[in-house]
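A short write-up of the structure that comes next.
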Amino acid sequence: MSDVASYAVRDGIAVITMNNPPVNGLGNALRAGLMDNLDQADADPSVKGVVIIGSARFFSGGADIREFNQKRLPPDLPDVNDRQDAMKKPLVAAIGGFALGGGLELALACHYRVAAPKSQVGLPEVKLGILPGSGGTQRLPRIVPMAEAVRLMTTGAMLPVEKAKEYGLIDEIVQGDLLEGALSFTKRVVGKPLPRIRDRKAQLDGEPKAFFARVREQVAKESRGYPAPLEIVACAEAAASRPFDEGRKEERERFNKLVGGSESKALRHMFFAERQTSKIPDVPEDTPVRELKKAAVIGAGTMGGGIAMNFANAGIPVTLIDMNQAAVDKGIGIIKKNYAATVSKGRLKQDEMDKRLGLIRQTTKIEEAKDADIIIEAVFERMDVKKDIFGKLDKLAKPGAILATNTSTLDVDEIAASTKRPQDVIGTHFFSPANVMRLLEVVRGKKTGKDVLATTMKLGKTLKKVPVVSGVCDGFIGNRMLEKYGQQSLFLLDEGATPQQVDAAMAKFGMAMGPFTMYDMAGNDIGWEIRKRRYQERPDFVYSRIADRICEQGRFGQKTGKGFYKYESGNRKPIPDPDVEKLFSEYRKEINVKSRAISDQEIVERLIYALVNEGAHILEEGIALRASDIDMVYLTGYGFPPYRGGPMFYADTVGLDQVLNSIQSFQKGYQGAQWKPAPLLVKLANEGRKFNE
């Protein structure tokens, strides 16, 4: 008998308990155990009914996705479902916590389902680029109205069991002990006809052809670049128009196609990559962490205010500090506006907003950070300003306080050197808007203590961020790579591309926005300031001066109504501007470059492979711990399309030999000296290997 599926008989009812922590994943051992136990229960004449139950937190979280890349051993979940369909005795699923994916499919193949209050069910397979592959697309629309079933499956949304009961998916919500309630329910249905969802007809409002045409159009609009949602719609249509077994066969064929596709592989890579970021080779998981009960943020601007909101959202009191009352008042005003917007959308209750605002103290006195356990500096990106603040913090902060800088490019070690406690200094690079973006680059200085690193990584999770460790270098992981991306985007303009062509090509690739829309949104003056610094510090780094020409005309982007595009008052939609094209034309004459036609493919390859090549340098230098960490930086902080898995994973899918060939061809073109293939890329390409192995 399997250890992960125990069997016991109570008052004539067989109880099959799934025990495969942490989420009762339906791996091979559990599937085999379920099959054996169902056989035993059906064969035992003293058993009148069967209950399948999991833990209080998880009935089952579904498939073990690690098996998707391996040969799956029998029995597969559809085999278990077939055995459930063949049961001659009532089979009851007792759902506590979550029944997700294959876990819900297991429950749907039972005759009845009971649940603990506040439990939730769902079919979130779409988030991994696949569809419910064990009858979910066929059973759910037969018990839940088709429109709701399609919504749940194409979005991966959760369904509270209280709502599921209204649909008839849950037969009873058990108050008190779940197992006792399930046993009592099972005894009441012994001897009654055995209801099977598979024998029902799909619940469809209106004429099927028109319904699915409308649904297909809506889902296509909402799922740009993702193939799984439309495959789910096709399976749901089969549930409405074909016998159960035929629909299930089609579901399995479409499931197998998706599992082998690049989109699902990318999304599964993302799933595992997120869980890898907190694993630091020389910092054991049991490293003691410091207690963080109070926080302080210096700088009440956009970043500082957003960072303060993160602490308040996590229930941690935070003091927001700026040099004058007007700056503090403006910062608090923006925070209130952000919270009010969330309340107006129904995502936050007014009393919760008031509670969070109550956790944010405001002051103009830096001395009021003295009792904070962590102090995050979020002021203007200038080394002299930051060093001055850290010198003051060194004198006033209590012993053991973590001193963090929100710098996006500056040397954390130089900042740490302005204190007598460099072991307590760390970089916490939040991304704008800080209260929304999930990425947190945790920058480890040469002298940063291991406990400080472990504490900050834990804090990242507490703040609901994805913390990724970076070493110290100019721009860390994300912005260092982005500089190469930006460099190539401007070279493309030098050669004859337009901002709208480059942006359209990158949007088609799947980026959240193209580079020039992004520059205009962020403010072109910010990049200009960085380039001015670079001209002094790194004269070897070649830039097109075309962006400088834009800034010299006061075209700073959306905030000035014109940048690479022009903007109408109150509207953020970029509009191509003939004045910009004229400016570009004059610049090409100035640098003696003749305009040429550039394909979308070349645009995508030059921008993405610029990221990849710099990412390879970053890996080689040990700035990033692993290729998947680089992918997470771009997936959670830079709008890289999840269904492509991040720049390094995308390069793996293209083939590193192909990436290297393209880079070598770019070396022969305009500004070709900027294309030096990273030694790691050359090595892996020549060996037929991948970044993510």
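For the structure tokens, the naming scheme is as follows: chains receive sequential letters (A, B, ...) according to their order of presentation, residues are indexed from 1 within each chain, and ligands are indexed from 1 in presentation order.
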Distance query A:Arg200 at most 12 Å, only C-alpha atoms, self and fewer than 5 positions along chain excluded, as an MDAnalysis selection string: chainID A and resid 138:144 195 239:240 242:244
May I have the selected residues written with N, CA, C and O atoms, as a compact mmCIF listing (two decimals), in the first residue's frame?
```txt
# COMPACT_ATOMS: atom_id res chain seq x y z
N GLN A 138 -14.41 18.92 -19.98
CA GLN A 138 -15.65 18.24 -20.33
C GLN A 138 -16.62 18.17 -19.15
O GLN A 138 -17.83 18.29 -19.33
N ARG A 139 -16.09 18.01 -17.96
CA ARG A 139 -16.98 17.89 -16.79
C ARG A 139 -17.43 19.25 -16.26
O ARG A 139 -18.60 19.43 -15.91
N LEU A 140 -16.51 20.24 -16.19
CA LEU A 140 -16.88 21.52 -15.57
C LEU A 140 -18.07 22.18 -16.29
O LEU A 140 -19.01 22.63 -15.62
N PRO A 141 -18.10 22.22 -17.65
CA PRO A 141 -19.26 22.86 -18.31
C PRO A 141 -20.55 22.05 -18.20
O PRO A 141 -21.61 22.53 -18.59
N ARG A 142 -20.43 20.82 -17.69
CA ARG A 142 -21.63 20.00 -17.51
C ARG A 142 -22.26 20.22 -16.13
O ARG A 142 -23.35 19.69 -15.87
N ILE A 143 -21.59 20.99 -15.26
CA ILE A 143 -22.16 21.24 -13.94
C ILE A 143 -22.18 22.73 -13.61
O ILE A 143 -22.98 23.19 -12.79
N VAL A 144 -21.31 23.51 -14.26
CA VAL A 144 -21.27 24.97 -14.10
C VAL A 144 -21.72 25.57 -15.42
O VAL A 144 -21.38 25.04 -16.49
N PRO A 195 -24.93 9.51 -9.27
CA PRO A 195 -24.91 10.57 -10.29
C PRO A 195 -23.48 10.77 -10.82
O PRO A 195 -22.52 10.83 -10.05
N ALA A 239 -17.43 19.89 -25.55
CA ALA A 239 -18.29 19.45 -24.43
C ALA A 239 -19.75 19.75 -24.72
O ALA A 239 -20.65 19.02 -24.29
N ALA A 240 -20.01 20.84 -25.46
CA ALA A 240 -21.39 21.24 -25.76
C ALA A 240 -21.97 20.49 -26.94
O ALA A 240 -23.19 20.42 -27.09
N ARG A 242 -20.54 17.27 -28.38
CA ARG A 242 -20.18 15.86 -28.60
C ARG A 242 -20.39 15.02 -27.35
O ARG A 242 -20.41 15.55 -26.24
N PRO A 243 -20.47 13.70 -27.52
CA PRO A 243 -20.54 12.82 -26.35
C PRO A 243 -19.28 12.99 -25.48
O PRO A 243 -18.22 13.38 -25.99
N PHE A 244 -19.39 12.67 -24.20
CA PHE A 244 -18.31 12.90 -23.25
C PHE A 244 -16.99 12.29 -23.71
O PHE A 244 -15.95 12.96 -23.70
```
All residues 12 Å or closer to A:Gln70, only C-alpha atoms, same chain fewer than 4 positions away omitted, as number ranges by chain: A: 27-28, 64-66, 259-260
Generate a file of the selected residues that holds N, CA and C atoms, formatted as a CSV table (one decimal), in the first residue's frame.
```csv
chain,number,residue,atom,x,y,z
A,27,GLY,N,1.4,13.1,-8.1
A,27,GLY,CA,2.5,12.4,-8.8
A,27,GLY,C,2.2,10.9,-8.9
A,28,ASN,N,3.1,10.2,-9.5
A,28,ASN,CA,2.8,8.8,-9.9
A,28,ASN,C,2.5,7.9,-8.6
A,64,ASP,N,1.9,16.9,-10.5
A,64,ASP,CA,3.3,17.3,-10.2
A,64,ASP,C,3.9,17.7,-11.5
A,65,ILE,N,4.1,19.0,-11.7
A,65,ILE,CA,4.5,19.5,-13.1
A,65,ILE,C,5.9,19.1,-13.4
A,66,ARG,N,6.7,18.6,-12.5
A,66,ARG,CA,8.0,18.1,-12.8
A,66,ARG,C,7.9,16.9,-13.7
A,259,VAL,N,1.5,20.7,-24.1
A,259,VAL,CA,2.5,20.4,-23.2
A,259,VAL,C,3.9,20.4,-23.9
A,260,GLY,N,3.9,20.0,-25.2
A,260,GLY,CA,5.1,20.0,-25.9
A,260,GLY,C,5.5,21.3,-26.6
```
Exercise: stretch 276-290 of chain A partners within 8 Å, only C-alpha atoms, chain neighbours under 3 positions left out, as a list in words: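 My list of contacting residues is Phe272, Ala273, Lys450, Asp451, Val452, Ala454, Thr455, Met457, Val466, Pro467, Val468, Val469, Leu625, Ser628 and Asp629 of chain A.
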Who sits within 8 Å of stretch 4-7 of chain A, only C-alpha atoms, same chain under 6 positions skipped, as a list of chain:residue names: A:Ala14, A:Val15, A:Ile16, A:Thr17, A:Met18, A:Asn19, A:Asn20, A:Ala29, A:Leu30, A:Gly33, A:Leu34, A:Asn37
Spatial neighbours of stretch 538-550 of chain A, max dist 9 Å, only C-alpha atoms, sep filter under 4 positions, as a PyMOL selection string: chain A and resi 487-488+490-491+493-494+524-525+527-528+531+533-534+554-556+563-564+580+583-584+587+671+674
Residues near A:Ser264, cut-off 8 Å, only C-alpha atoms, skip fewer than 6 positions along chain, as a PyMOL selection string: chain A and resi 128-130+258+643
Using only N, CA, C and O atoms, please write the residues we just selected to a file, as a compact mmCIF listing (two decimals), in the first residue's frame.
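Final file, result_22.txt:
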```txt
# COMPACT_ATOMS: atom_id res chain seq x y z
N LEU A 128 0.04 27.75 -16.81
CA LEU A 128 1.23 27.00 -17.20
C LEU A 128 1.21 26.69 -18.70
O LEU A 128 1.96 25.84 -19.18
N GLY A 129 0.34 27.38 -19.43
CA GLY A 129 0.31 27.22 -20.88
C GLY A 129 -0.33 25.93 -21.35
O GLY A 129 -0.12 25.52 -22.50
N ILE A 130 -1.12 25.31 -20.48
CA ILE A 130 -1.78 24.06 -20.87
C ILE A 130 -3.27 24.18 -20.56
O ILE A 130 -3.76 25.24 -20.19
N LEU A 258 -0.14 21.09 -26.40
CA LEU A 258 0.28 22.25 -25.60
C LEU A 258 1.47 21.92 -24.70
O LEU A 258 2.38 22.74 -24.55
N TYR A 643 5.19 33.94 -21.84
CA TYR A 643 5.14 32.75 -22.70
C TYR A 643 6.43 32.56 -23.51
O TYR A 643 6.56 31.60 -24.26
```
Using DSSP on the backbone coordinates, identify the residues of stretch 507-555 of chain A assigned to helix (DSSP H, G or I); present them as a CSV table (one decimal) with N, CA and C atoms, in the first residue's frame.
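Ended up saving to part_21.csv:
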```csv
chain,number,residue,atom,x,y,z
A,507,ALA,N,6.3,44.9,-29.7
A,507,ALA,CA,4.9,44.5,-29.2
A,507,ALA,C,4.5,43.2,-29.8
A,508,LYS,N,4.7,43.0,-31.1
A,508,LYS,CA,4.3,41.8,-31.7
A,508,LYS,C,5.1,40.6,-31.1
A,509,PHE,N,6.3,40.8,-30.8
A,509,PHE,CA,7.1,39.8,-30.1
A,509,PHE,C,6.5,39.4,-28.7
A,515,PRO,N,10.5,50.0,-26.9
A,515,PRO,CA,11.5,50.8,-26.2
A,515,PRO,C,11.1,52.3,-26.2
A,516,PHE,N,10.6,52.8,-27.3
A,516,PHE,CA,10.5,54.3,-27.4
A,516,PHE,C,9.2,54.8,-26.7
A,517,THR,N,8.2,53.9,-26.7
A,517,THR,CA,7.0,54.2,-25.8
A,517,THR,C,7.5,54.2,-24.3
A,518,MET,N,8.3,53.2,-24.0
A,518,MET,CA,8.9,53.1,-22.6
A,518,MET,C,9.7,54.4,-22.3
A,519,TYR,N,10.6,54.8,-23.2
A,519,TYR,CA,11.4,56.0,-22.9
A,519,TYR,C,10.5,57.2,-22.6
A,520,ASP,N,9.5,57.4,-23.5
A,520,ASP,CA,8.7,58.6,-23.3
A,520,ASP,C,7.9,58.5,-22.0
A,521,MET,N,7.5,57.3,-21.6
A,521,MET,CA,6.7,57.2,-20.4
A,521,MET,C,7.6,57.4,-19.2
A,522,ALA,N,8.8,56.9,-19.2
A,522,ALA,CA,9.7,57.0,-18.0
A,522,ALA,C,10.3,58.5,-17.9
A,524,ASN,N,12.5,61.0,-21.0
A,524,ASN,CA,13.8,60.9,-21.7
A,524,ASN,C,14.9,61.6,-21.0
A,525,ASP,N,14.6,62.5,-20.1
A,525,ASP,CA,15.7,63.2,-19.4
A,525,ASP,C,16.4,62.3,-18.4
A,526,ILE,N,15.7,61.3,-17.9
A,526,ILE,CA,16.4,60.3,-17.0
A,526,ILE,C,17.5,59.6,-17.7
A,527,GLY,N,17.2,59.1,-18.9
A,527,GLY,CA,18.3,58.4,-19.7
A,527,GLY,C,19.4,59.4,-20.1
A,528,TRP,N,19.0,60.6,-20.4
A,528,TRP,CA,20.0,61.7,-20.8
A,528,TRP,C,21.0,61.9,-19.7
A,529,GLU,N,20.5,62.0,-18.4
A,529,GLU,CA,21.4,62.2,-17.3
A,529,GLU,C,22.4,61.0,-17.1
A,530,ILE,N,21.9,59.8,-17.3
A,530,ILE,CA,22.7,58.6,-17.2
A,530,ILE,C,23.8,58.6,-18.3
A,531,ARG,N,23.4,59.0,-19.6
A,531,ARG,CA,24.3,59.1,-20.7
A,531,ARG,C,25.4,60.1,-20.4
A,532,LYS,N,25.0,61.3,-19.9
A,532,LYS,CA,26.0,62.3,-19.6
A,532,LYS,C,27.1,61.8,-18.6
A,533,ARG,N,26.6,61.0,-17.6
A,533,ARG,CA,27.6,60.4,-16.7
A,533,ARG,C,28.5,59.4,-17.4
A,534,ARG,N,27.8,58.6,-18.3
A,534,ARG,CA,28.6,57.6,-19.0
A,534,ARG,C,29.6,58.2,-19.9
A,535,TYR,N,29.3,59.3,-20.6
A,535,TYR,CA,30.3,59.9,-21.5
A,535,TYR,C,31.6,60.2,-20.7
A,536,GLN,N,31.5,60.5,-19.4
A,536,GLN,CA,32.7,60.8,-18.6
A,536,GLN,C,33.3,59.5,-18.1
A,537,GLU,N,32.5,58.6,-17.6
A,537,GLU,CA,33.0,57.4,-16.9
A,537,GLU,C,33.4,56.3,-17.9
A,546,ILE,N,21.3,60.4,-31.1
A,546,ILE,CA,19.9,60.7,-31.6
A,546,ILE,C,19.0,61.0,-30.4
A,547,ALA,N,19.1,60.3,-29.3
A,547,ALA,CA,18.3,60.5,-28.1
A,547,ALA,C,18.7,61.9,-27.4
A,548,ASP,N,20.0,62.2,-27.5
A,548,ASP,CA,20.4,63.5,-27.0
A,548,ASP,C,19.7,64.7,-27.8
A,549,ARG,N,19.7,64.5,-29.1
A,549,ARG,CA,19.0,65.5,-29.9
A,549,ARG,C,17.6,65.7,-29.5
A,550,ILE,N,16.9,64.6,-29.2
A,550,ILE,CA,15.5,64.6,-28.8
A,550,ILE,C,15.4,65.5,-27.5
A,551,CYS,N,16.3,65.2,-26.5
A,551,CYS,CA,16.3,65.9,-25.2
A,551,CYS,C,16.7,67.4,-25.4
A,552,GLU,N,17.6,67.6,-26.3
A,552,GLU,CA,18.0,69.0,-26.4
A,552,GLU,C,16.9,69.9,-26.9
```
Selected residue, from A:Leu463, A:Ala107, A:Ala673, A:Met437, that lies nearest to A:Ile197 when counting only C-alpha atoms: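 Under the stated criterion, the closest residue is A:Ala107.
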